[in-house]
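Below is the file structure14.csv, which contains CSV, C-alpha atoms and all ligand atoms.
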```csv
chain,number,residue,atom,x,y,z
A,1153,MET,CA,16.2,10.0,-9.4
A,1154,LYS,CA,16.4,7.2,-11.9
A,1155,ARG,CA,13.7,4.6,-12.4
A,1156,ASN,CA,15.7,1.7,-11.1
A,1157,GLN,CA,16.7,3.6,-7.9
A,1158,THR,CA,15.7,1.8,-4.8
A,1159,VAL,CA,13.2,3.8,-2.7
A,1160,LEU,CA,12.5,1.3,0.1
A,1161,SER,CA,14.9,-1.4,1.1
A,1162,MET,CA,14.0,-3.7,4.0
A,1163,THR,CA,16.7,-6.2,5.1
A,1164,ASN,CA,16.1,-9.0,7.5
A,1165,ILE,CA,13.3,-7.2,9.3
A,1166,SER,CA,11.7,-9.1,12.2
A,1167,VAL,CA,8.7,-7.9,14.1
A,1168,ASP,CA,8.0,-9.3,17.6
A,1169,LEU,CA,4.8,-8.9,19.6
A,1170,GLU,CA,5.5,-8.9,23.4
A,1171,THR,CA,2.9,-9.3,26.0
A,1172,ALA,CA,3.4,-9.7,29.8
A,1173,THR,CA,3.5,-13.5,29.3
A,1174,ARG,CA,5.0,-14.2,26.0
A,1175,LYS,CA,6.8,-13.0,22.9
A,1176,THR,CA,5.5,-13.9,19.4
A,1177,ARG,CA,7.3,-13.4,16.1
A,1178,LEU,CA,4.9,-11.9,13.6
A,1179,VAL,CA,7.5,-11.2,10.8
A,1180,ASN,CA,10.7,-13.2,10.5
A,1181,LYS,CA,13.7,-11.8,8.7
A,1182,VAL,CA,11.9,-10.3,5.7
A,1183,SER,CA,13.8,-8.6,3.0
A,1184,LEU,CA,12.3,-6.6,0.1
A,1185,ASN,CA,13.1,-3.8,-2.2
A,1186,VAL,CA,10.9,-1.5,-4.2
A,1187,ASN,CA,12.3,0.9,-6.9
A,1188,ARG,CA,11.1,4.2,-8.1
A,1189,GLY,CA,8.2,4.0,-10.6
A,1190,GLU,CA,7.7,0.3,-9.8
A,1191,VAL,CA,5.0,-1.7,-8.1
A,1192,LEU,CA,5.9,-4.4,-5.6
A,1193,GLY,CA,3.0,-6.8,-4.9
A,1194,ILE,CA,2.9,-8.7,-1.6
A,1195,ILE,CA,0.8,-11.8,-1.6
A,1196,GLY,CA,0.2,-14.5,0.9
A,1197,GLU,CA,-2.7,-15.9,2.9
A,1198,SER,CA,-4.4,-14.2,5.8
A,1199,GLY,CA,-2.1,-13.7,8.8
A,1200,SER,CA,1.1,-14.3,6.8
A,1201,GLY,CA,2.5,-10.9,7.9
A,1202,LYS,CA,1.9,-8.7,4.8
A,1203,THR,CA,0.3,-5.9,6.7
A,1204,MET,CA,2.8,-6.1,9.7
A,1205,THR,CA,5.7,-5.8,7.3
A,1206,CYS,CA,4.3,-2.7,5.7
A,1207,MET,CA,3.3,-1.2,9.1
A,1208,ALA,CA,7.0,-1.7,10.1
A,1209,ALA,CA,7.9,0.5,7.1
A,1210,MET,CA,5.3,3.0,8.1
A,1211,GLY,CA,6.4,3.1,11.7
A,1212,LEU,CA,2.8,2.2,12.7
A,1213,LEU,CA,3.0,-1.2,14.4
A,1214,PRO,CA,0.3,-2.0,16.9
A,1215,ARG,CA,0.9,-1.6,20.7
A,1216,GLY,CA,3.4,-4.2,21.9
A,1217,ALA,CA,4.8,-5.0,18.5
A,1218,ARG,CA,8.2,-3.7,17.4
A,1219,VAL,CA,11.0,-4.2,14.9
A,1220,THR,CA,13.6,-6.2,16.8
A,1221,GLU,CA,16.1,-6.6,14.0
A,1222,GLY,CA,17.0,-5.5,10.5
A,1223,SER,CA,17.2,-2.4,8.5
A,1224,ILE,CA,14.6,-0.2,6.7
A,1225,LEU,CA,16.1,2.3,4.3
A,1226,LEU,CA,14.0,5.0,2.6
A,1227,ASP,CA,16.1,6.6,-0.1
A,1228,GLY,CA,19.1,5.4,1.8
A,1229,GLU,CA,18.0,6.9,5.1
A,1230,GLU,CA,17.7,4.4,8.0
A,1231,LEU,CA,14.2,4.6,9.5
A,1232,THR,CA,14.6,2.2,12.4
A,1233,SER,CA,16.7,4.7,14.3
A,1234,LEU,CA,14.4,7.7,13.8
A,1235,SER,CA,12.3,9.1,16.7
A,1236,VAL,CA,8.5,8.6,16.8
A,1237,GLU,CA,8.1,12.3,15.8
A,1238,GLU,CA,10.5,11.9,12.9
A,1239,ARG,CA,8.5,8.8,11.7
A,1240,ARG,CA,5.3,10.7,12.0
A,1241,LYS,CA,6.6,13.5,9.8
A,1242,LEU,CA,7.4,10.9,7.1
A,1243,ARG,CA,3.9,9.6,6.9
A,1244,GLY,CA,1.7,11.7,4.7
A,1245,SER,CA,4.7,13.5,3.2
A,1246,ARG,CA,7.2,11.0,1.9
A,1247,ILE,CA,5.2,7.8,2.6
A,1248,SER,CA,1.5,7.6,2.0
A,1249,MET,CA,-0.9,4.8,2.8
A,1250,ILE,CA,-4.1,3.8,1.0
A,1251,MET,CA,-6.2,1.7,3.4
A,1252,GLN,CA,-8.5,-1.2,2.6
A,1253,ASN,CA,-11.5,0.5,4.3
A,1254,PRO,CA,-11.3,4.2,3.4
A,1255,MET,CA,-14.3,5.1,5.6
A,1256,THR,CA,-12.2,4.5,8.7
A,1257,CYS,CA,-9.5,6.9,7.5
A,1258,PHE,CA,-11.7,9.9,7.2
A,1259,ASN,CA,-13.2,11.9,10.1
A,1260,PRO,CA,-16.9,11.7,9.5
A,1261,VAL,CA,-17.6,15.2,10.7
A,1262,ARG,CA,-15.1,16.9,8.4
A,1263,THR,CA,-15.4,17.6,4.7
A,1264,ILE,CA,-13.1,16.1,2.0
A,1265,GLY,CA,-11.7,19.6,1.5
A,1266,SER,CA,-10.8,20.0,5.2
A,1267,HIS,CA,-8.9,16.6,5.1
A,1268,PHE,CA,-7.1,17.5,2.0
A,1269,LEU,CA,-6.1,21.0,3.1
A,1270,GLU,CA,-5.0,19.8,6.5
A,1271,THR,CA,-2.7,17.2,4.9
A,1272,LEU,CA,-1.3,19.7,2.5
A,1273,GLY,CA,-0.9,22.3,5.2
A,1274,VAL,CA,1.2,19.9,7.4
A,1275,HIS,CA,3.2,18.3,4.6
A,1276,THR,CA,3.8,21.0,2.0
A,1277,ASN,CA,4.7,24.7,1.9
A,1278,LEU,CA,1.7,25.7,-0.2
A,1279,THR,CA,-0.4,28.7,0.8
A,1280,ALA,CA,-4.1,28.0,1.6
A,1281,LYS,CA,-5.1,29.2,-1.9
A,1282,GLU,CA,-2.4,27.1,-3.6
A,1283,ALA,CA,-3.4,24.1,-1.5
A,1284,ARG,CA,-7.0,24.4,-2.5
A,1285,GLU,CA,-6.1,24.7,-6.2
A,1286,ARG,CA,-3.8,21.7,-5.9
A,1287,ALA,CA,-6.5,19.7,-4.2
A,1288,ILE,CA,-9.0,20.4,-6.9
A,1289,HIS,CA,-6.5,19.7,-9.6
A,1290,ASP,CA,-5.5,16.3,-8.1
A,1291,LEU,CA,-9.1,15.2,-7.4
A,1292,GLY,CA,-9.6,15.8,-11.2
A,1293,GLN,CA,-6.4,13.8,-11.9
A,1294,VAL,CA,-7.9,10.7,-10.4
A,1295,ASN,CA,-11.0,11.2,-12.5
A,1296,LEU,CA,-13.4,12.3,-9.8
A,1297,PRO,CA,-16.2,14.4,-11.2
A,1298,ARG,CA,-17.0,17.9,-9.9
A,1299,PRO,CA,-13.9,18.3,-7.6
A,1300,GLN,CA,-15.1,21.7,-6.3
A,1301,GLU,CA,-18.3,20.2,-5.1
A,1302,LEU,CA,-16.4,17.2,-3.7
A,1303,MET,CA,-14.4,19.5,-1.5
A,1304,ARG,CA,-17.5,20.5,0.4
A,1305,GLN,CA,-18.9,17.0,0.8
A,1306,TYR,CA,-18.6,14.6,3.8
A,1307,PRO,CA,-17.2,11.1,3.6
A,1308,PHE,CA,-20.6,9.4,4.3
A,1309,GLU,CA,-21.9,11.1,1.1
A,1310,LEU,CA,-19.4,9.3,-1.0
A,1311,SER,CA,-18.9,5.7,-2.1
A,1312,GLY,CA,-15.9,3.5,-1.0
A,1313,GLY,CA,-14.5,3.7,-4.5
A,1314,MET,CA,-14.6,7.5,-4.5
A,1315,LEU,CA,-13.0,7.6,-1.0
A,1316,GLN,CA,-10.2,5.3,-2.3
A,1317,ARG,CA,-9.6,7.7,-5.2
A,1318,ILE,CA,-9.5,10.6,-2.8
A,1319,MET,CA,-6.8,8.9,-0.8
A,1320,ILE,CA,-4.9,8.4,-4.0
A,1321,ALA,CA,-5.4,12.1,-4.9
A,1322,ILE,CA,-4.0,13.0,-1.4
A,1323,ALA,CA,-0.9,10.8,-2.1
A,1324,LEU,CA,-0.5,12.5,-5.4
A,1325,ALA,CA,-0.8,16.0,-4.0
A,1326,THR,CA,1.8,15.3,-1.3
A,1327,ASN,CA,4.2,13.9,-3.9
A,1328,ALA,CA,4.8,10.8,-1.8
A,1329,GLU,CA,7.9,8.8,-2.8
A,1330,LEU,CA,6.4,5.6,-1.5
A,1331,ILE,CA,2.7,4.6,-1.5
A,1332,ILE,CA,1.6,1.6,0.4
A,1333,ALA,CA,-1.8,0.3,-0.7
A,1334,ASP,CA,-3.3,-2.4,1.7
A,1335,GLU,CA,-5.9,-4.4,-0.2
A,1336,PRO,CA,-7.0,-1.3,-2.1
A,1337,THR,CA,-9.6,-3.1,-4.2
A,1338,THR,CA,-11.0,-5.8,-1.8
A,1339,ALA,CA,-14.0,-3.7,-0.6
A,1340,LEU,CA,-14.9,-2.5,-4.1
A,1341,ASP,CA,-17.2,-3.6,-6.9
A,1342,THR,CA,-15.6,-4.7,-10.1
A,1343,GLY,CA,-15.9,-1.4,-11.9
A,1344,ASN,CA,-14.3,0.5,-9.0
A,1345,GLN,CA,-11.6,-2.1,-8.7
A,1346,LYS,CA,-10.6,-1.4,-12.2
A,1347,HIS,CA,-10.6,2.3,-11.7
A,1348,ILE,CA,-8.3,2.1,-8.7
A,1349,LEU,CA,-5.8,-0.2,-10.5
A,1350,ARG,CA,-5.7,2.2,-13.4
A,1351,GLU,CA,-5.2,5.2,-11.1
A,1352,LEU,CA,-2.4,3.5,-9.2
A,1353,ASN,CA,-0.7,2.6,-12.5
A,1354,ARG,CA,-1.1,6.2,-13.7
A,1355,ILE,CA,0.4,7.6,-10.5
A,1356,ARG,CA,3.6,5.6,-10.7
A,1357,GLU,CA,4.0,6.6,-14.4
A,1358,MET,CA,3.2,10.3,-13.7
A,1359,THR,CA,5.1,10.8,-10.4
A,1360,GLY,CA,7.6,7.9,-10.3
A,1361,ALA,CA,6.4,6.9,-6.9
A,1362,ALA,CA,7.3,3.5,-5.7
A,1363,ILE,CA,4.2,1.5,-4.8
A,1364,ILE,CA,3.6,-1.5,-2.6
A,1365,VAL,CA,0.3,-3.3,-3.0
A,1366,ILE,CA,-0.8,-5.9,-0.5
A,1367,THR,CA,-3.4,-8.2,-1.9
A,1368,HIS,CA,-5.0,-11.6,-1.9
A,1369,ASP,CA,-5.9,-11.1,-5.5
A,1370,LEU,CA,-3.5,-12.6,-8.1
A,1371,GLY,CA,-5.3,-10.7,-10.8
A,1372,VAL,CA,-4.2,-7.4,-9.1
A,1373,ILE,CA,-0.7,-8.7,-9.1
A,1374,ALA,CA,-0.9,-9.7,-12.7
A,1375,GLU,CA,-2.2,-6.3,-13.7
A,1376,LEU,CA,-0.1,-4.0,-11.6
A,1377,ALA,CA,3.1,-5.6,-10.1
A,1378,ASP,CA,6.6,-5.5,-11.5
A,1379,GLN,CA,8.0,-7.5,-8.6
A,1380,VAL,CA,6.3,-9.9,-6.2
A,1381,THR,CA,7.1,-10.9,-2.7
A,1382,VAL,CA,5.2,-14.1,-1.5
A,1383,MET,CA,4.8,-14.3,2.3
A,1384,TYR,CA,4.0,-17.4,4.3
A,1385,ARG,CA,3.9,-17.6,8.1
A,1386,GLY,CA,5.7,-14.4,8.7
A,1387,GLU,CA,8.5,-15.1,6.2
A,1388,SER,CA,9.1,-14.0,2.6
A,1389,VAL,CA,9.4,-17.3,0.8
A,1390,GLU,CA,9.9,-15.9,-2.7
A,1391,ASN,CA,10.8,-12.6,-4.4
A,1392,ALA,CA,10.6,-12.6,-8.1
A,1393,PRO,CA,9.7,-10.5,-11.2
A,1394,VAL,CA,6.0,-10.9,-11.9
A,1395,LYS,CA,6.4,-12.9,-15.1
A,1396,GLN,CA,8.8,-15.3,-13.5
A,1397,LEU,CA,6.5,-15.8,-10.6
A,1398,PHE,CA,3.6,-16.8,-12.8
A,1399,ASP,CA,5.7,-18.8,-15.4
A,1400,ALA,CA,8.1,-20.6,-13.0
A,1401,PRO,CA,7.2,-20.2,-9.4
A,1402,ALA,CA,10.2,-21.4,-7.4
A,1403,HIS,CA,8.6,-22.1,-4.0
A,1404,ALA,CA,6.1,-24.9,-3.3
A,1405,TYR,CA,3.8,-22.5,-1.5
A,1406,THR,CA,3.8,-20.1,-4.4
A,1407,ARG,CA,2.8,-23.0,-6.7
A,1408,LEU,CA,0.0,-23.9,-4.3
A,1409,LEU,CA,-1.2,-20.3,-4.2
A,1410,LEU,CA,-1.3,-20.1,-8.0
A,1411,GLN,CA,-3.1,-23.3,-8.3
A,1412,SER,CA,-5.7,-22.5,-5.7
A,1413,ARG,CA,-6.4,-19.1,-7.1
A,1414,LEU,CA,-6.7,-20.4,-10.6
A,1415,SER,CA,-9.6,-22.6,-9.5
A,1416,MET,CA,-11.3,-19.8,-7.6
A,1417,PRO,CA,-14.1,-18.0,-9.5
A,1418,ASN,CA,-14.7,-14.2,-9.8
A,1419,SER,CA,-12.6,-11.1,-9.1
A,1420,ALA,CA,-12.4,-7.9,-11.0
A,1421,SER,CA,-9.2,-8.9,-12.7
A,1422,ASP,CA,-10.1,-12.4,-13.7
A,1423,GLU,CA,-9.8,-11.7,-17.3
A,1424,VAL,CA,-6.3,-10.3,-16.8
A,1425,ARG,CA,-5.4,-13.4,-14.8
A,1426,ARG,CA,-6.8,-15.7,-17.5
A,1427,GLY,CA,-4.8,-13.8,-20.1
A,1428,LEU,CA,-1.6,-14.2,-18.2
A,1429,ILE,CA,-1.8,-17.5,-16.7
A,1430,VAL,CA,-3.9,-19.9,-18.7
B,1,LIG,N1,-3.2,-5.3,15.9
B,1,LIG,C1,-2.5,-6.5,16.1
B,1,LIG,N2,-2.0,-6.8,17.3
B,1,LIG,C2,-1.3,-7.9,17.4
B,1,LIG,N3,-1.1,-8.8,16.5
B,1,LIG,C3,-1.6,-8.6,15.3
B,1,LIG,C4,-2.3,-7.4,15.0
B,1,LIG,N4,-2.7,-7.4,13.7
B,1,LIG,C5,-2.2,-8.6,13.2
B,1,LIG,N5,-1.6,-9.3,14.2
B,1,LIG,C6,-0.9,-10.6,14.0
B,1,LIG,O1,0.2,-10.4,13.2
B,1,LIG,C7,0.4,-11.6,12.3
B,1,LIG,C8,0.5,-11.1,10.9
B,1,LIG,O2,-0.7,-10.4,10.6
B,1,LIG,P1,-0.9,-9.5,9.3
B,1,LIG,O3,-2.1,-8.6,9.6
B,1,LIG,O4,0.4,-8.8,9.0
B,1,LIG,O5,-1.2,-10.5,8.2
B,1,LIG,P2,-1.7,-10.3,6.7
B,1,LIG,O6,-0.9,-11.2,5.9
B,1,LIG,O7,-1.7,-8.8,6.4
B,1,LIG,O8,-3.2,-10.8,6.8
B,1,LIG,P3,-4.6,-10.3,6.1
B,1,LIG,O9,-4.4,-10.7,4.7
B,1,LIG,O10,-5.6,-11.1,6.8
B,1,LIG,O11,-4.6,-8.8,6.3
B,1,LIG,C9,-0.8,-12.5,12.5
B,1,LIG,O12,-0.4,-13.5,13.4
B,1,LIG,C10,-1.8,-11.6,13.2
B,1,LIG,O13,-2.6,-12.3,14.1
```

Please, can you express the file's structure as structure tokens?
Ligand SMILES: Nc1ncnc2c1ncn2[C@@H]1O[C@H](COP(=O)(O)OP(=O)(O)OP(=O)(O)O)[C@@H](O)[C@H]1O
Amino acid sequence: MKRNQTVLSMTNISVDLETATRKTRLVNKVSLNVNRGEVLGIIGESGSGKTMTCMAAMGLLPRGARVTEGSILLDGEELTSLSVEERRKLRGSRISMIMQNPMTCFNPVRTIGSHFLETLGVHTNLTAKEARERAIHDLGQVNLPRPQELMRQYPFELSGGMLQRIMIAIALATNAELIIADEPTTALDTGNQKHILRELNRIREMTGAAIIVITHDLGVIAELADQVTVMYRGESVENAPVKQLFDAPAHAYTRLLLQSRLSMPNSASDEVRRGLIV
């Protein structure tokens, strides 16, 4: 697969939420592409539809919400016509998700090793011994100390930053083609934010995975993204290469977003942002 090959292509995707009394459009005709080895950043204010767009790609929309129009292609394969079971199989194997709050993604009564081995057992053909070796290797790859010991630990014994890195290691071990990271750095302190950004960057270089990063943080976009989609009220108002977005934002909302974030203090990537924008 070549670097510029499209991994995920969403065209005119709409998501509607239907209740007994009314129908609300959460995502309106959004189109986006992400290529192999590239990072697409999705930015926009709270409630603008960033997560729902990605959940549509994952096949994980909340109850009552569904994709009502458009196409979602993963390596050219249409996902909207797959069954629930077929979509489930894609998650964890070809598509991996890194959640904002990793604590909620791990079962508190199971060890890290047990989570890892279950995922590898379901999504790869590795033997139990190979899976264990792979898990230990990939935990080391994301710079986690003492991976053997980690395999025996429980989620509550670890920090949010470590759990984020474990999720990245699981994505690495399953060779996911597409990784969706929803606010991967929001809950972390500055040091851990930097680690996560570095790991995501390394993964796309090492594996060629396509990565979508949902974020409020323009510093994260500046550091990581190749392409950016700006969302506003359920719509994608601008799609642009990262440099173009910062140098010559085309949409009024993007300009507003850049201005408001420039005047906002603090964030792990402030220095990056300053370097790029000021
Ligand atoms: N579980 C849910 N059930 C129904 N509607 C939802 C659910 N989660 C979000 N929504 C609605 O979908 C719309 C888009 O929300 P979404 O979570 O995609 O926004 P977002 O841009 O990701 O926001 P944030 O940055 O706060 O996560 C909003 O109107 C929101 O109220």

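Using only C-alpha atoms for every distance, the candidate list A:Ile1355, A:Met1314, A:Ala1361, A:Ile1250 yields A:Met1314 as the residue closest to Leu1340 (chain A).
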
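Atom to atom, CA of Arg1304 (chain A) and CA of Glu1270 (chain A) stand 13.9 Å apart.
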
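The space between CA of Leu1169 (chain A) and atom O1 of ligand LIG 1 (chain B) spans 8.0 Å.
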
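All residues, whether protein, DNA or RNA, that have an atom at most 6 Å from ligand LIG 1 (chain B) (counting only C-alpha atoms and all ligand atoms) are Leu1178, Glu1197, Ser1198, Gly1199, Ser1200, Gly1201, Lys1202, Thr1203, Met1204 and Pro1214 of chain A.
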
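Considering all atoms listed in the file, the residue among A:His1275, A:Arg1385, A:Arg1284, A:Arg1239 positioned nearest to Lys1181 (chain A) is A:Arg1385.
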
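One finds CA of Ile1264 (chain A) at 10.0 Å from CA of Met1319 (chain A).
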
Practice problem: Can you pull out every residue within 8 Å of region 1291-1294 of chain A, counting all atoms listed in the file, but drop anything in the same chain fewer than 2 positions away, and send it as a list of chain:residue names? | Solution: A:Ala1287, A:Ile1288, A:His1289, A:Leu1296, A:Pro1297, A:Arg1298, A:Pro1299, A:Arg1317, A:Ile1318, A:Ile1320, A:Ala1321, A:Glu1351

Mind rebuilding region 1249-1264 of chain A with N, CA and C atoms and writing that out as an mmCIF file, keeping the file's coordinate frame?
```cif
data_model
loop_
_atom_site.group_PDB
_atom_site.id
_atom_site.type_symbol
_atom_site.label_atom_id
_atom_site.label_comp_id
_atom_site.auth_asym_id
_atom_site.auth_seq_id
_atom_site.Cartn_x
_atom_site.Cartn_y
_atom_site.Cartn_z
ATOM 1 N N MET A 1249 -0.286 6.151 2.681
ATOM 2 C CA MET A 1249 -0.900 4.800 2.800
ATOM 3 C C MET A 1249 -2.360 4.901 2.255
ATOM 4 N N ILE A 1250 -2.740 3.912 1.487
ATOM 5 C CA ILE A 1250 -4.100 3.800 1.000
ATOM 6 C C ILE A 1250 -4.711 2.559 1.674
ATOM 7 N N MET A 1251 -5.710 2.788 2.516
ATOM 8 C CA MET A 1251 -6.200 1.700 3.400
ATOM 9 C C MET A 1251 -7.319 0.935 2.675
ATOM 10 N N GLN A 1252 -7.511 -0.291 3.159
ATOM 11 C CA GLN A 1252 -8.500 -1.200 2.600
ATOM 12 C C GLN A 1252 -9.940 -0.589 2.823
ATOM 13 N N ASN A 1253 -10.166 -0.046 4.017
ATOM 14 C CA ASN A 1253 -11.500 0.500 4.300
ATOM 15 C C ASN A 1253 -11.387 2.010 4.454
ATOM 16 N N PRO A 1254 -11.567 2.752 3.365
ATOM 17 C CA PRO A 1254 -11.300 4.200 3.400
ATOM 18 C C PRO A 1254 -12.195 4.926 4.402
ATOM 19 N N MET A 1255 -13.375 4.373 4.678
ATOM 20 C CA MET A 1255 -14.300 5.100 5.600
ATOM 21 C C MET A 1255 -13.640 5.322 6.945
ATOM 22 N N THR A 1256 -12.807 4.377 7.383
ATOM 23 C CA THR A 1256 -12.200 4.500 8.700
ATOM 24 C C THR A 1256 -11.059 5.536 8.707
ATOM 25 N N CYS A 1257 -10.618 5.954 7.531
ATOM 26 C CA CYS A 1257 -9.500 6.900 7.500
ATOM 27 C C CYS A 1257 -9.919 8.339 7.461
ATOM 28 N N PHE A 1258 -11.216 8.555 7.265
ATOM 29 C CA PHE A 1258 -11.700 9.900 7.200
ATOM 30 C C PHE A 1258 -12.522 10.237 8.448
ATOM 31 N N ASN A 1259 -12.371 11.442 8.933
ATOM 32 C CA ASN A 1259 -13.200 11.900 10.100
ATOM 33 C C ASN A 1259 -14.580 12.216 9.546
ATOM 34 N N PRO A 1260 -15.608 11.529 10.082
ATOM 35 C CA PRO A 1260 -16.900 11.700 9.500
ATOM 36 C C PRO A 1260 -17.515 13.094 9.574
ATOM 37 N N VAL A 1261 -17.020 13.906 10.523
ATOM 38 C CA VAL A 1261 -17.600 15.200 10.700
ATOM 39 C C VAL A 1261 -16.827 16.318 9.919
ATOM 40 N N ARG A 1262 -15.835 15.889 9.143
ATOM 41 C CA ARG A 1262 -15.100 16.900 8.400
ATOM 42 C C ARG A 1262 -15.213 16.653 6.884
ATOM 43 N N THR A 1263 -15.220 17.750 6.133
ATOM 44 C CA THR A 1263 -15.400 17.600 4.700
ATOM 45 C C THR A 1263 -14.113 17.066 4.039
ATOM 46 N N ILE A 1264 -14.256 16.627 2.802
ATOM 47 C CA ILE A 1264 -13.100 16.100 2.000
ATOM 48 C C ILE A 1264 -12.079 17.278 1.904
#
```
